[in-house]
>>> print(open('model_35.txt').read())   # compact mmCIF, N, CA and C atoms and all ligand atoms
# COMPACT_ATOMS: atom_id res chain seq x y z
N MET A 1014 -15.33 -29.32 33.11
CA MET A 1014 -16.67 -28.80 33.35
C MET A 1014 -16.60 -27.56 34.23
N ILE A 1015 -17.53 -26.69 34.03
CA ILE A 1015 -17.66 -25.56 34.94
C ILE A 1015 -18.40 -26.06 36.19
N SER A 1016 -17.78 -25.86 37.33
CA SER A 1016 -18.50 -26.23 38.55
C SER A 1016 -19.35 -25.04 38.99
N ARG A 1017 -20.48 -25.37 39.53
CA ARG A 1017 -21.44 -24.31 39.81
C ARG A 1017 -21.92 -24.39 41.25
N SER A 1018 -22.04 -23.28 41.87
CA SER A 1018 -22.68 -23.25 43.17
C SER A 1018 -23.33 -21.90 43.36
N ILE A 1019 -24.23 -21.85 44.27
CA ILE A 1019 -24.96 -20.61 44.54
C ILE A 1019 -24.80 -20.29 46.01
N LEU A 1020 -24.42 -19.08 46.28
CA LEU A 1020 -24.31 -18.63 47.66
C LEU A 1020 -25.43 -17.64 47.92
N TYR A 1021 -26.10 -17.83 49.02
CA TYR A 1021 -27.14 -16.88 49.37
C TYR A 1021 -26.58 -15.95 50.43
N GLY A 1022 -26.13 -14.82 50.02
CA GLY A 1022 -25.50 -13.87 50.93
C GLY A 1022 -26.52 -12.94 51.53
N GLY A 1023 -26.83 -13.16 52.77
CA GLY A 1023 -27.90 -12.38 53.40
C GLY A 1023 -27.64 -10.89 53.38
N VAL A 1024 -26.43 -10.50 53.72
CA VAL A 1024 -26.14 -9.07 53.78
C VAL A 1024 -26.19 -8.45 52.40
N LEU A 1025 -25.53 -9.13 51.46
CA LEU A 1025 -25.53 -8.61 50.10
C LEU A 1025 -26.94 -8.54 49.55
N LEU A 1026 -27.68 -9.60 49.79
CA LEU A 1026 -29.05 -9.65 49.29
C LEU A 1026 -29.85 -8.49 49.87
N GLY A 1027 -29.69 -8.27 51.16
CA GLY A 1027 -30.40 -7.16 51.79
C GLY A 1027 -30.05 -5.83 51.15
N LEU A 1028 -28.75 -5.62 50.93
CA LEU A 1028 -28.31 -4.36 50.32
C LEU A 1028 -28.90 -4.20 48.94
N LEU A 1029 -28.93 -5.30 48.18
CA LEU A 1029 -29.41 -5.19 46.82
C LEU A 1029 -30.91 -4.99 46.76
N LEU A 1030 -31.59 -5.66 47.66
CA LEU A 1030 -33.04 -5.49 47.65
C LEU A 1030 -33.40 -4.05 47.99
N LEU A 1031 -32.57 -3.41 48.82
CA LEU A 1031 -32.83 -2.02 49.13
C LEU A 1031 -32.70 -1.15 47.89
N THR A 1032 -31.72 -1.47 47.06
CA THR A 1032 -31.43 -0.57 45.95
C THR A 1032 -32.05 -1.04 44.63
N ARG A 1033 -32.37 -2.32 44.53
CA ARG A 1033 -32.77 -2.83 43.23
C ARG A 1033 -34.19 -3.40 43.19
N GLY A 1034 -34.67 -3.82 44.31
CA GLY A 1034 -35.90 -4.59 44.27
C GLY A 1034 -35.61 -5.99 43.77
N SER A 1035 -36.61 -6.82 43.70
CA SER A 1035 -36.37 -8.18 43.24
C SER A 1035 -36.61 -8.24 41.74
N GLY A 1036 -36.08 -9.27 41.10
CA GLY A 1036 -36.23 -9.29 39.66
C GLY A 1036 -35.72 -10.56 39.04
N SER A 1037 -34.77 -10.39 38.14
CA SER A 1037 -34.36 -11.48 37.27
C SER A 1037 -33.63 -12.59 38.03
N ALA A 1038 -33.39 -13.66 37.33
CA ALA A 1038 -32.75 -14.84 37.93
C ALA A 1038 -31.25 -14.63 38.07
N HIS A 1039 -30.66 -15.47 38.92
CA HIS A 1039 -29.22 -15.44 39.03
C HIS A 1039 -28.59 -15.95 37.73
N VAL A 1040 -27.29 -15.74 37.60
CA VAL A 1040 -26.67 -15.98 36.30
C VAL A 1040 -25.64 -17.10 36.37
N PHE A 1041 -25.50 -17.79 35.24
CA PHE A 1041 -24.50 -18.83 35.08
C PHE A 1041 -23.73 -18.58 33.77
N PRO A 1042 -22.53 -19.14 33.68
CA PRO A 1042 -21.77 -18.94 32.45
C PRO A 1042 -22.43 -19.65 31.26
N ASP A 1043 -22.33 -19.01 30.11
CA ASP A 1043 -22.77 -19.63 28.86
C ASP A 1043 -21.56 -20.20 28.13
N HIS A 1044 -20.54 -19.40 27.91
CA HIS A 1044 -19.30 -19.90 27.31
C HIS A 1044 -18.17 -18.95 27.70
N SER A 1045 -16.97 -19.33 27.32
CA SER A 1045 -15.81 -18.54 27.72
C SER A 1045 -14.74 -18.57 26.64
N ASP A 1046 -13.81 -17.65 26.76
CA ASP A 1046 -12.62 -17.64 25.91
C ASP A 1046 -11.41 -17.44 26.83
N PRO A 1047 -10.48 -18.40 26.93
CA PRO A 1047 -10.47 -19.70 26.27
C PRO A 1047 -11.66 -20.57 26.72
N ARG A 1048 -12.00 -21.53 25.89
CA ARG A 1048 -13.12 -22.41 26.22
C ARG A 1048 -12.77 -23.33 27.38
N VAL A 1049 -13.81 -23.74 28.06
CA VAL A 1049 -13.66 -24.64 29.20
C VAL A 1049 -12.93 -25.91 28.78
N GLY A 1050 -11.82 -26.21 29.45
CA GLY A 1050 -11.09 -27.44 29.19
C GLY A 1050 -10.28 -27.45 27.91
N SER A 1051 -10.15 -26.29 27.26
CA SER A 1051 -9.50 -26.27 25.95
C SER A 1051 -7.98 -26.33 26.08
N GLU A 1052 -7.35 -26.74 24.98
CA GLU A 1052 -5.90 -26.67 24.85
C GLU A 1052 -5.61 -25.67 23.74
N ILE A 1053 -4.84 -24.67 24.05
CA ILE A 1053 -4.61 -23.60 23.08
C ILE A 1053 -3.12 -23.42 22.87
N ASN A 1054 -2.77 -22.91 21.69
CA ASN A 1054 -1.35 -22.71 21.39
C ASN A 1054 -0.80 -21.47 22.08
N SER A 1055 -1.64 -20.44 22.15
CA SER A 1055 -1.22 -19.26 22.89
C SER A 1055 -2.47 -18.62 23.48
N ALA A 1056 -2.28 -17.94 24.60
CA ALA A 1056 -3.42 -17.38 25.31
C ALA A 1056 -3.81 -16.04 24.72
N PRO A 1057 -5.10 -15.71 24.74
CA PRO A 1057 -5.54 -14.39 24.31
C PRO A 1057 -5.12 -13.35 25.37
N PRO A 1058 -5.25 -12.07 25.05
CA PRO A 1058 -4.85 -11.04 26.04
C PRO A 1058 -5.77 -10.96 27.25
N MET A 1059 -6.97 -11.51 27.13
CA MET A 1059 -7.91 -11.50 28.25
C MET A 1059 -8.58 -12.85 28.34
N VAL A 1060 -8.96 -13.21 29.56
CA VAL A 1060 -9.91 -14.31 29.73
C VAL A 1060 -11.29 -13.66 29.86
N ARG A 1061 -12.25 -14.17 29.11
CA ARG A 1061 -13.61 -13.60 29.13
C ARG A 1061 -14.62 -14.71 29.35
N ILE A 1062 -15.65 -14.39 30.12
CA ILE A 1062 -16.76 -15.33 30.33
C ILE A 1062 -18.06 -14.62 29.99
N TRP A 1063 -18.85 -15.27 29.14
CA TRP A 1063 -20.17 -14.76 28.77
C TRP A 1063 -21.20 -15.41 29.70
N PHE A 1064 -21.94 -14.63 30.43
CA PHE A 1064 -22.98 -15.15 31.31
C PHE A 1064 -24.34 -15.07 30.63
N ASP A 1065 -25.31 -15.76 31.24
CA ASP A 1065 -26.64 -15.79 30.62
C ASP A 1065 -27.54 -14.66 31.11
N GLY A 1066 -26.94 -13.66 31.75
CA GLY A 1066 -27.70 -12.49 32.16
C GLY A 1066 -26.74 -11.40 32.58
N GLN A 1067 -27.28 -10.25 32.90
CA GLN A 1067 -26.45 -9.13 33.29
C GLN A 1067 -25.89 -9.34 34.68
N ILE A 1068 -24.66 -8.92 34.88
CA ILE A 1068 -24.02 -9.06 36.19
C ILE A 1068 -23.67 -7.69 36.75
N GLU A 1069 -23.57 -7.65 38.06
CA GLU A 1069 -23.23 -6.40 38.74
C GLU A 1069 -21.71 -6.26 38.79
N PRO A 1070 -21.19 -5.12 38.33
CA PRO A 1070 -19.73 -4.95 38.39
C PRO A 1070 -19.18 -5.09 39.82
N ILE A 1071 -19.91 -4.55 40.76
CA ILE A 1071 -19.43 -4.63 42.13
C ILE A 1071 -19.65 -6.06 42.63
N PHE A 1072 -18.67 -6.61 43.29
CA PHE A 1072 -18.67 -7.98 43.83
C PHE A 1072 -18.44 -9.06 42.77
N SER A 1073 -18.32 -8.71 41.51
CA SER A 1073 -18.09 -9.72 40.48
C SER A 1073 -16.59 -9.75 40.15
N THR A 1074 -15.97 -10.92 40.29
CA THR A 1074 -14.52 -11.00 40.12
C THR A 1074 -14.14 -12.22 39.27
N LEU A 1075 -13.00 -12.09 38.62
CA LEU A 1075 -12.43 -13.17 37.81
C LEU A 1075 -10.92 -13.16 38.01
N GLN A 1076 -10.38 -14.32 38.36
CA GLN A 1076 -8.94 -14.48 38.54
C GLN A 1076 -8.47 -15.66 37.72
N VAL A 1077 -7.23 -15.59 37.25
CA VAL A 1077 -6.61 -16.72 36.57
C VAL A 1077 -5.39 -17.13 37.37
N LEU A 1078 -5.33 -18.43 37.71
CA LEU A 1078 -4.24 -18.96 38.51
C LEU A 1078 -3.44 -19.96 37.69
N ASP A 1079 -2.13 -20.04 37.98
CA ASP A 1079 -1.33 -21.08 37.33
C ASP A 1079 -1.47 -22.39 38.10
N ALA A 1080 -0.73 -23.41 37.66
CA ALA A 1080 -0.90 -24.75 38.25
C ALA A 1080 -0.51 -24.78 39.72
N SER A 1081 0.32 -23.84 40.15
CA SER A 1081 0.72 -23.81 41.56
C SER A 1081 -0.25 -22.99 42.41
N GLY A 1082 -1.25 -22.41 41.77
CA GLY A 1082 -2.23 -21.63 42.51
C GLY A 1082 -1.89 -20.15 42.62
N LYS A 1083 -0.84 -19.74 41.94
CA LYS A 1083 -0.45 -18.32 41.97
C LYS A 1083 -1.25 -17.54 40.93
N GLU A 1084 -1.73 -16.37 41.33
CA GLU A 1084 -2.50 -15.56 40.39
C GLU A 1084 -1.59 -15.01 39.30
N VAL A 1085 -2.01 -15.21 38.04
CA VAL A 1085 -1.27 -14.64 36.92
C VAL A 1085 -2.05 -13.51 36.25
N SER A 1086 -3.35 -13.43 36.50
CA SER A 1086 -4.13 -12.34 35.91
C SER A 1086 -3.73 -11.02 36.55
N LEU A 1087 -4.10 -9.92 35.89
CA LEU A 1087 -3.57 -8.62 36.25
C LEU A 1087 -4.47 -7.85 37.24
N LYS A 1088 -5.29 -8.58 37.96
CA LYS A 1088 -6.11 -8.01 39.05
C LYS A 1088 -6.96 -6.83 38.58
N ASN A 1089 -7.41 -6.92 37.34
CA ASN A 1089 -8.25 -5.83 36.82
C ASN A 1089 -9.56 -6.38 36.27
N SER A 1090 -10.11 -7.39 36.92
CA SER A 1090 -11.34 -7.98 36.40
C SER A 1090 -12.44 -6.93 36.37
N ARG A 1091 -13.26 -7.02 35.35
CA ARG A 1091 -14.26 -5.97 35.11
C ARG A 1091 -15.38 -6.53 34.24
N VAL A 1092 -16.51 -5.85 34.30
CA VAL A 1092 -17.62 -6.16 33.40
C VAL A 1092 -17.39 -5.37 32.12
N ASP A 1093 -17.59 -6.02 30.99
CA ASP A 1093 -17.40 -5.35 29.70
C ASP A 1093 -18.28 -4.10 29.60
N GLU A 1094 -17.71 -3.02 29.12
CA GLU A 1094 -18.45 -1.75 29.06
C GLU A 1094 -19.66 -1.83 28.13
N LYS A 1095 -19.54 -2.60 27.06
CA LYS A 1095 -20.62 -2.63 26.07
C LYS A 1095 -21.61 -3.74 26.32
N ASP A 1096 -21.18 -4.80 27.00
CA ASP A 1096 -22.06 -5.95 27.22
C ASP A 1096 -21.99 -6.37 28.68
N PRO A 1097 -22.99 -6.00 29.47
CA PRO A 1097 -22.94 -6.29 30.91
C PRO A 1097 -23.14 -7.74 31.27
N SER A 1098 -23.09 -8.64 30.28
CA SER A 1098 -23.12 -10.06 30.60
C SER A 1098 -21.73 -10.69 30.48
N ILE A 1099 -20.72 -9.88 30.18
CA ILE A 1099 -19.36 -10.40 29.99
C ILE A 1099 -18.46 -9.94 31.14
N LEU A 1100 -17.78 -10.90 31.76
CA LEU A 1100 -16.78 -10.61 32.78
C LEU A 1100 -15.42 -10.94 32.18
N GLU A 1101 -14.44 -10.06 32.38
CA GLU A 1101 -13.15 -10.28 31.75
C GLU A 1101 -12.02 -9.83 32.66
N VAL A 1102 -10.83 -10.39 32.41
CA VAL A 1102 -9.63 -9.97 33.14
C VAL A 1102 -8.44 -10.10 32.20
N SER A 1103 -7.51 -9.17 32.31
CA SER A 1103 -6.31 -9.22 31.47
C SER A 1103 -5.33 -10.25 32.00
N ILE A 1104 -4.62 -10.87 31.06
CA ILE A 1104 -3.57 -11.81 31.45
C ILE A 1104 -2.30 -11.48 30.65
N PRO A 1105 -1.14 -11.77 31.20
CA PRO A 1105 0.10 -11.59 30.45
C PRO A 1105 0.25 -12.74 29.47
N SER A 1106 1.32 -12.73 28.67
CA SER A 1106 1.54 -13.88 27.81
C SER A 1106 1.92 -15.06 28.70
N LEU A 1107 1.20 -16.15 28.53
CA LEU A 1107 1.33 -17.28 29.46
C LEU A 1107 2.27 -18.34 28.88
N SER A 1108 3.12 -18.88 29.72
CA SER A 1108 3.95 -20.00 29.30
C SER A 1108 3.12 -21.28 29.32
N SER A 1109 3.69 -22.35 28.81
CA SER A 1109 2.97 -23.63 28.75
C SER A 1109 2.56 -24.06 30.14
N GLY A 1110 1.38 -24.66 30.21
CA GLY A 1110 0.93 -25.16 31.51
C GLY A 1110 -0.57 -25.13 31.61
N LYS A 1111 -1.04 -25.58 32.74
CA LYS A 1111 -2.48 -25.62 33.00
C LYS A 1111 -2.86 -24.42 33.87
N TYR A 1112 -3.96 -23.79 33.54
CA TYR A 1112 -4.43 -22.60 34.26
C TYR A 1112 -5.88 -22.78 34.67
N SER A 1113 -6.22 -22.12 35.75
CA SER A 1113 -7.60 -22.14 36.22
C SER A 1113 -8.16 -20.72 36.23
N ALA A 1114 -9.38 -20.59 35.75
CA ALA A 1114 -10.10 -19.32 35.85
C ALA A 1114 -11.16 -19.49 36.93
N ILE A 1115 -11.13 -18.59 37.90
CA ILE A 1115 -12.04 -18.67 39.04
C ILE A 1115 -12.91 -17.43 39.04
N TRP A 1116 -14.22 -17.65 39.02
CA TRP A 1116 -15.12 -16.50 38.89
C TRP A 1116 -16.16 -16.48 40.00
N LYS A 1117 -16.61 -15.30 40.27
CA LYS A 1117 -17.71 -15.11 41.23
C LYS A 1117 -18.49 -13.91 40.72
N VAL A 1118 -19.78 -14.06 40.54
CA VAL A 1118 -20.56 -12.94 40.01
C VAL A 1118 -21.83 -12.72 40.83
N LEU A 1119 -22.24 -11.50 40.83
CA LEU A 1119 -23.46 -11.10 41.51
C LEU A 1119 -24.50 -10.73 40.46
N ALA A 1120 -25.62 -11.43 40.50
CA ALA A 1120 -26.70 -11.12 39.57
C ALA A 1120 -27.56 -10.00 40.14
N ARG A 1121 -28.43 -9.49 39.32
CA ARG A 1121 -29.26 -8.35 39.76
C ARG A 1121 -30.30 -8.73 40.79
N ASP A 1122 -30.54 -10.05 40.96
CA ASP A 1122 -31.47 -10.45 42.01
C ASP A 1122 -30.76 -10.63 43.35
N GLY A 1123 -29.45 -10.34 43.39
CA GLY A 1123 -28.73 -10.41 44.65
C GLY A 1123 -28.10 -11.76 44.93
N HIS A 1124 -28.21 -12.71 44.01
CA HIS A 1124 -27.61 -14.02 44.22
C HIS A 1124 -26.21 -14.07 43.64
N LEU A 1125 -25.29 -14.58 44.47
CA LEU A 1125 -23.93 -14.82 44.00
C LEU A 1125 -23.85 -16.22 43.41
N THR A 1126 -23.19 -16.34 42.28
CA THR A 1126 -22.83 -17.65 41.77
C THR A 1126 -21.33 -17.66 41.59
N GLU A 1127 -20.72 -18.82 41.70
CA GLU A 1127 -19.28 -18.90 41.54
C GLU A 1127 -18.90 -20.24 40.95
N GLY A 1128 -17.70 -20.28 40.38
CA GLY A 1128 -17.24 -21.53 39.80
C GLY A 1128 -15.85 -21.36 39.23
N LYS A 1129 -15.36 -22.41 38.62
CA LYS A 1129 -14.05 -22.32 37.99
C LYS A 1129 -13.96 -23.29 36.83
N PHE A 1130 -13.02 -23.03 35.95
CA PHE A 1130 -12.74 -23.96 34.86
C PHE A 1130 -11.26 -23.86 34.54
N SER A 1131 -10.77 -24.84 33.81
CA SER A 1131 -9.36 -24.83 33.47
C SER A 1131 -9.16 -24.81 31.97
N PHE A 1132 -7.98 -24.38 31.57
CA PHE A 1132 -7.56 -24.48 30.17
C PHE A 1132 -6.05 -24.70 30.18
N THR A 1133 -5.53 -25.19 29.08
CA THR A 1133 -4.11 -25.53 29.01
C THR A 1133 -3.46 -24.79 27.85
N VAL A 1134 -2.33 -24.18 28.14
CA VAL A 1134 -1.52 -23.58 27.07
C VAL A 1134 -0.46 -24.60 26.68
N LYS A 1135 -0.43 -24.96 25.39
CA LYS A 1135 0.50 -26.00 24.92
C LYS A 1135 1.93 -25.49 24.88
CU CU B 1201 -31.03 -15.81 41.80
>>> encode(input="model_35.txt", output="structure tokens")
Amino acid sequence: MISRSILYGGVLLGLLLLTRGSGSAHVFPDHSDPRVGSEINSAPPMVRIWFDGQIEPIFSTLQVLDASGKEVSLKNSRVDEKDPSILEVSIPSLSSGKYSAIWKVLARDGHLTEGKFSFTVK
């Protein structure tokens, strides 16, 4: 399961309200590739998460960790250029094992949401 929590960041919220005003709701994941809890034969070149609303590139991050907690993603998490509801990060070819994707995103209303999910490479 994707675990979900909401952080109310006073400073961030203040900064965003200055520049954005108030508006849409905070965002949660809709689906991902690889899928939550899936077992796959080989990993795609990126881990991607589709959210249910637009996310702010700044402060939005995605990391992939191996079973020992070491980051294997290429530290280039970014919002998709064509679809601002997609967060993605590149990964190398992964050996067999269990991996965790850990995400944190900032919605346009200034609310941070974060969570993680796992997938297994056979
Ligand atoms: Cu919100």
>>> closest_atom_pairs(input="model_35.txt", of="chain A", to="ligand CU 1201 (chain B)", cutoff="5 Å", atoms="all atoms listed in the file", output="JSON lines")
{"residue": "A:Ala1038", "atom": "C", "partner": "B:CU1201", "partner_atom": "CU", "distance": 3.9}
{"residue": "A:His1039", "atom": "N", "partner": "B:CU1201", "partner_atom": "CU", "distance": 2.9}
{"residue": "A:His1124", "atom": "CA", "partner": "B:CU1201", "partner_atom": "CU", "distance": 4.6}
>>> write_last_selection(input="model_35.txt", atoms="N, CA and C atoms", output="compact mmCIF listing (two decimals), keeping the file's coordinate frame")
# COMPACT_ATOMS: atom_id res chain seq x y z
N ALA A 1038 -33.39 -13.66 37.33
CA ALA A 1038 -32.75 -14.84 37.93
C ALA A 1038 -31.25 -14.63 38.07
N HIS A 1039 -30.66 -15.47 38.92
CA HIS A 1039 -29.22 -15.44 39.03
C HIS A 1039 -28.59 -15.95 37.73
N HIS A 1124 -28.21 -12.71 44.01
CA HIS A 1124 -27.61 -14.02 44.22
C HIS A 1124 -26.21 -14.07 43.64
>>> residues_around(input="model_35.txt", residues="Pro1057 (chain A)", least_positions_apart="5", cutoff="8 Å", atoms="all atoms listed in the file", output="VMD selection string")
chain A and resid 1046 to 1047 1103 to 1107
>>> atom_distance(input="model_35.txt", atom1="atom C of Asp1096 (chain A)", atom2="atom N of Val1077 (chain A)")
19.4 Å
>>> closest_residue(input="model_35.txt", among="A:Thr1074, A:Gln1067, A:Ser1045, A:Ser1055", to="Asp1122 (chain A)", atoms="all atoms listed in the file")
A:Gln1067
>>> closest_residue(input="model_35.txt", among="A:Ser1051, A:Ser1113, A:Ser1108, A:Thr1133", to="Gly1082 (chain A)", atoms="only N, CA and C atoms")
A:Ser1113
>>> closest_residue(input="model_35.txt", among="A:Val1102, A:Asp1065, A:Leu1087, A:Glu1127", to="His1044 (chain A)", atoms="only C-alpha atoms")
A:Asp1065
>>> atom_distance(input="model_35.txt", atom1="CA of Val1040 (chain A)", atom2="CA of Val1134 (chain A)")
27.8 Å
>>> atom_distance(input="model_35.txt", atom1="CA of Ser1073 (chain A)", atom2="CA of Ser1109 (chain A)")
27.8 Å
